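Coordinates as given in coords33.txt (compact mmCIF, C-alpha atoms):
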# COMPACT_ATOMS: atom_id res chain seq x y z
CA MET A 1 -10.55 176.73 -42.21
CA SER A 2 -7.04 177.88 -41.34
CA ASP A 3 -5.84 180.96 -39.46
CA GLU A 4 -4.77 182.40 -42.82
CA GLU A 5 -8.25 182.01 -44.29
CA TYR A 6 -9.99 183.49 -41.23
CA ILE A 7 -7.63 186.50 -41.02
CA ASP A 8 -8.26 187.15 -44.71
CA ILE A 9 -11.99 187.45 -43.91
CA ALA A 10 -11.27 190.01 -41.16
CA ILE A 11 -9.01 191.94 -43.55
CA GLU A 12 -11.69 191.84 -46.27
CA ILE A 13 -14.21 193.28 -43.80
CA SER A 14 -11.78 196.13 -43.10
CA LYS A 15 -11.84 197.12 -46.79
CA HIS A 16 -15.53 197.98 -46.59
CA ALA A 17 -15.82 199.22 -42.99
CA LYS A 18 -16.36 202.83 -41.96
CA TYR A 19 -12.84 202.70 -40.52
CA PRO A 20 -10.15 200.36 -41.91
CA TYR A 21 -10.55 197.65 -39.27
CA GLY A 22 -12.37 194.33 -39.30
CA ALA A 23 -12.81 191.40 -36.92
CA ILE A 24 -14.54 188.05 -36.67
CA VAL A 25 -15.19 185.67 -33.79
CA VAL A 26 -14.76 181.95 -34.43
CA LYS A 27 -15.91 179.22 -32.05
CA ASP A 28 -16.03 175.49 -32.78
CA ASN A 29 -14.74 176.19 -36.32
CA GLN A 30 -17.69 178.47 -37.16
CA ILE A 31 -17.80 182.22 -37.64
CA ILE A 32 -20.28 183.34 -35.01
CA GLY A 33 -19.63 187.09 -34.99
CA ARG A 34 -18.56 189.72 -37.49
CA SER A 35 -17.82 193.41 -37.19
CA ASP A 36 -19.78 194.09 -40.36
CA ASP A 37 -23.08 193.00 -38.82
CA THR A 38 -25.31 195.85 -40.01
CA THR A 39 -27.48 195.78 -36.89
CA LEU A 40 -24.67 197.22 -34.78
CA MET A 41 -24.15 200.88 -33.92
CA GLU A 42 -21.49 202.61 -36.01
CA THR A 43 -21.66 206.12 -34.57
CA SER A 44 -19.69 205.73 -31.35
CA MET A 45 -15.93 206.04 -31.01
CA TYR A 46 -16.23 202.94 -28.84
CA SER A 47 -17.61 200.83 -31.71
CA HIS A 48 -14.30 199.15 -32.47
CA ALA A 49 -14.30 196.18 -34.81
CA GLU A 50 -13.43 193.76 -32.00
CA LEU A 51 -16.30 194.94 -29.80
CA GLU A 52 -18.74 194.82 -32.72
CA ALA A 53 -17.69 191.25 -33.56
CA ILE A 54 -18.01 190.20 -29.91
CA GLU A 55 -21.43 191.86 -29.65
CA SER A 56 -22.50 190.20 -32.90
CA ALA A 57 -21.43 186.78 -31.59
CA SER A 58 -23.21 187.34 -28.30
CA LYS A 59 -26.45 188.45 -29.92
CA ASN A 60 -26.48 186.03 -32.82
CA LYS A 61 -25.81 182.95 -30.74
CA ASN A 62 -27.25 184.11 -27.40
CA LEU A 63 -23.77 183.66 -25.94
CA TYR A 64 -23.53 186.59 -23.54
CA GLY A 65 -20.63 185.70 -21.27
CA ASP A 66 -20.11 182.38 -23.07
CA LEU A 67 -17.40 183.03 -25.62
CA LYS A 68 -14.85 181.08 -23.60
CA GLY A 69 -12.56 179.20 -25.94
CA ALA A 70 -13.32 181.35 -28.98
CA THR A 71 -10.75 182.89 -31.32
CA LEU A 72 -10.70 186.52 -32.43
CA TYR A 73 -9.35 187.29 -35.90
CA ASP A 74 -8.55 190.97 -36.18
CA SER A 75 -7.20 193.09 -39.02
CA CYS A 76 -5.33 195.16 -36.40
CA GLU A 77 -3.90 194.39 -32.97
CA PRO A 78 -6.57 195.03 -30.32
CA CYS A 79 -6.33 198.19 -28.19
CA MET A 80 -6.53 198.18 -24.38
CA MET A 81 -10.29 198.78 -24.38
CA CYS A 82 -10.95 195.85 -26.70
CA MET A 83 -8.55 193.64 -24.77
CA GLY A 84 -10.67 194.21 -21.67
CA ALA A 85 -13.65 192.61 -23.43
CA ILE A 86 -11.47 189.82 -24.84
CA LEU A 87 -10.11 189.02 -21.37
CA TYR A 88 -13.60 189.16 -19.85
CA GLU A 89 -14.97 186.72 -22.41
CA GLU A 90 -11.99 184.35 -21.94
CA PHE A 91 -11.02 183.99 -25.59
CA GLU A 92 -8.34 181.35 -26.07
CA LYS A 93 -6.64 182.83 -29.12
CA ILE A 94 -6.08 186.17 -30.84
CA VAL A 95 -4.83 186.38 -34.41
CA TYR A 96 -4.10 189.85 -35.75
CA ALA A 97 -2.60 191.40 -38.88
CA ALA A 98 -1.49 195.05 -38.55
CA THR A 99 0.04 196.31 -35.31
CA LEU A 100 -1.09 199.18 -33.11
CA GLU A 101 2.09 200.94 -34.23
CA ASP A 102 0.96 200.60 -37.85
CA SER A 103 -2.41 202.13 -36.99
CA ASN A 104 -0.76 204.90 -34.97
CA ASP A 105 1.77 205.75 -37.67
CA LEU A 106 -0.62 205.57 -40.62
CA TYR A 107 -4.17 206.32 -39.53
CA CYS A 108 -5.05 207.43 -36.01
CA PRO A 109 -3.38 208.05 -32.64
CA GLU A 110 -3.23 204.97 -30.44
CA VAL A 111 -2.33 204.22 -26.85
CA ILE A 112 0.17 201.49 -27.56
CA VAL A 113 0.23 198.65 -25.09
CA PRO A 114 1.22 195.37 -26.75
CA VAL A 115 -1.34 192.55 -26.56
CA GLU A 116 1.39 190.33 -25.11
CA ASP A 117 1.54 192.63 -22.06
CA LEU A 118 -2.23 192.66 -21.56
CA VAL A 119 -2.81 188.90 -21.81
CA LYS A 120 -0.87 188.55 -18.56
CA TYR A 121 -4.10 189.63 -16.85
CA ALA A 122 -6.20 186.84 -18.34
CA LYS A 123 -7.76 184.13 -16.19
CA ASN A 124 -6.81 181.66 -18.90
CA LYS A 125 -3.90 181.21 -21.28
CA ILE A 126 -4.40 183.12 -24.53
CA GLU A 127 -2.42 182.17 -27.61
CA ILE A 128 -1.30 185.17 -29.68
CA VAL A 129 -0.57 184.90 -33.41
CA PRO A 130 0.83 188.32 -34.37
CA GLU A 131 1.18 190.02 -37.74
CA LEU A 132 -0.42 187.30 -39.88
CA HIS A 133 -0.87 188.82 -43.37
CA ARG A 134 0.22 192.16 -41.89
CA GLU A 135 1.13 193.76 -45.23
CA SER A 136 -2.39 193.25 -46.60
CA ALA A 137 -3.94 194.98 -43.59
CA VAL A 138 -1.35 197.76 -43.59
CA GLN A 139 -2.08 198.45 -47.28
CA ILE A 140 -5.77 198.97 -46.50
CA ILE A 141 -4.93 201.36 -43.65
CA LYS A 142 -2.58 203.30 -45.96
CA GLU A 143 -5.20 203.54 -48.70
CA ARG A 144 -7.86 204.75 -46.27
CA ALA A 145 -5.49 207.30 -44.78
CA ALA A 146 -4.70 208.63 -48.26
CA THR A 147 -8.40 209.07 -49.09
CA ASN A 148 -9.07 210.89 -45.79
CA GLU A 149 -6.40 213.55 -46.30

Represent the structure contained in this file as structure tokens.
Amino acid sequence: MSDEEYIDIAIEISKHAKYPYGAIVVKDNQIIGRSDDTTLMETSMYSHAELEAIESASKNKNLYGDLKGATLYDSCEPCMMCMGAILYEEFEKIVYAATLEDSNDLYCPEVIVPVEDLVKYAKNKIEIVPELHRESAVQIIKERAATNE
């Protein structure tokens, strides 16, 4: 599958999530983690889509600490907290749709530190593919914001 097809899956997850964000983890061309895994906790403010997808991948494939080389597809640019987990797990690529600025402006307050600034702290080189299918993800955030008013 292509980056476009994988990001569309993350965006589709965001349509049905408690909050308008979705993520998947892909390793060796297989989806190994999803933020819509129903076994994960949804009640904590720390249950971000990225962390849920990473946890899902770790549990489902018994890969705790072994996601090196994986790709994260994310309906929104990862925040600082999520980037910590991404750096720890040594992902090789991050593909995201909406930006933190989009999320901040349309849905919820964000501490905005661009992913490009945070990957400088990685042990490995991380490829960033920003704003792929951004408008689709932004539309979902807008719709959710309108229904929460």

Which residue of A:Glu77, A:Asp28, A:Glu135, A:Asp36 approaches Ile112 in chain A most closely, using all atoms listed in the file |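 Of A:Glu77, A:Asp28, A:Glu135, A:Asp36, the one nearest Ile112 in chain A, counting all atoms listed in the file, is A:Glu77.
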
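Among the candidate residues A:Lys142, A:His16, A:Lys27, A:Lys68, the one lying nearest to Asn124 in chain A is A:Lys68, with distances computed using only C-alpha atoms.
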
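With all atoms listed in the file as the atoms that count, the minimum distance from Asp105 in chain A to the choices A:Ala85, A:Ala145, A:Met1, A:Val129 is reached by A:Ala145.
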
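Across A:Asp66, A:Glu55, A:Asp117, A:Asp3, the tightest approach to Tyr96 in chain A is made by A:Asp3 when counting all atoms listed in the file.
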
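The interatomic distance for the pair CA of Tyr21 in chain A and CA of His48 in chain A works out to 7.9 Å.
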
Contacts of Asn29 in chain A at 12 Å or less, counting all atoms listed in the file, minus same-chain residues fewer than 2 places along, as a ChimeraX atom specification?
-> /A:1-3,5-6,24-27,31-32,69-72

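Take CA of Leu67 in chain A and CA of Ala97 in chain A: the distance between them is 21.6 Å.
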
Select, from A:Glu92, A:Asp74, A:Glu127, A:Glu4, the residue with the minimum atom-to-atom distance to Gly33 in chain A, counting all atoms listed in the file.
->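 Closest residue, counting all atoms listed in the file: A:Asp74.
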
Please measure the separation of CA of Lys120 in chain A and CA of Cys76 in chain A, giving the value in Å to one decimal.
-> 19.5 Å
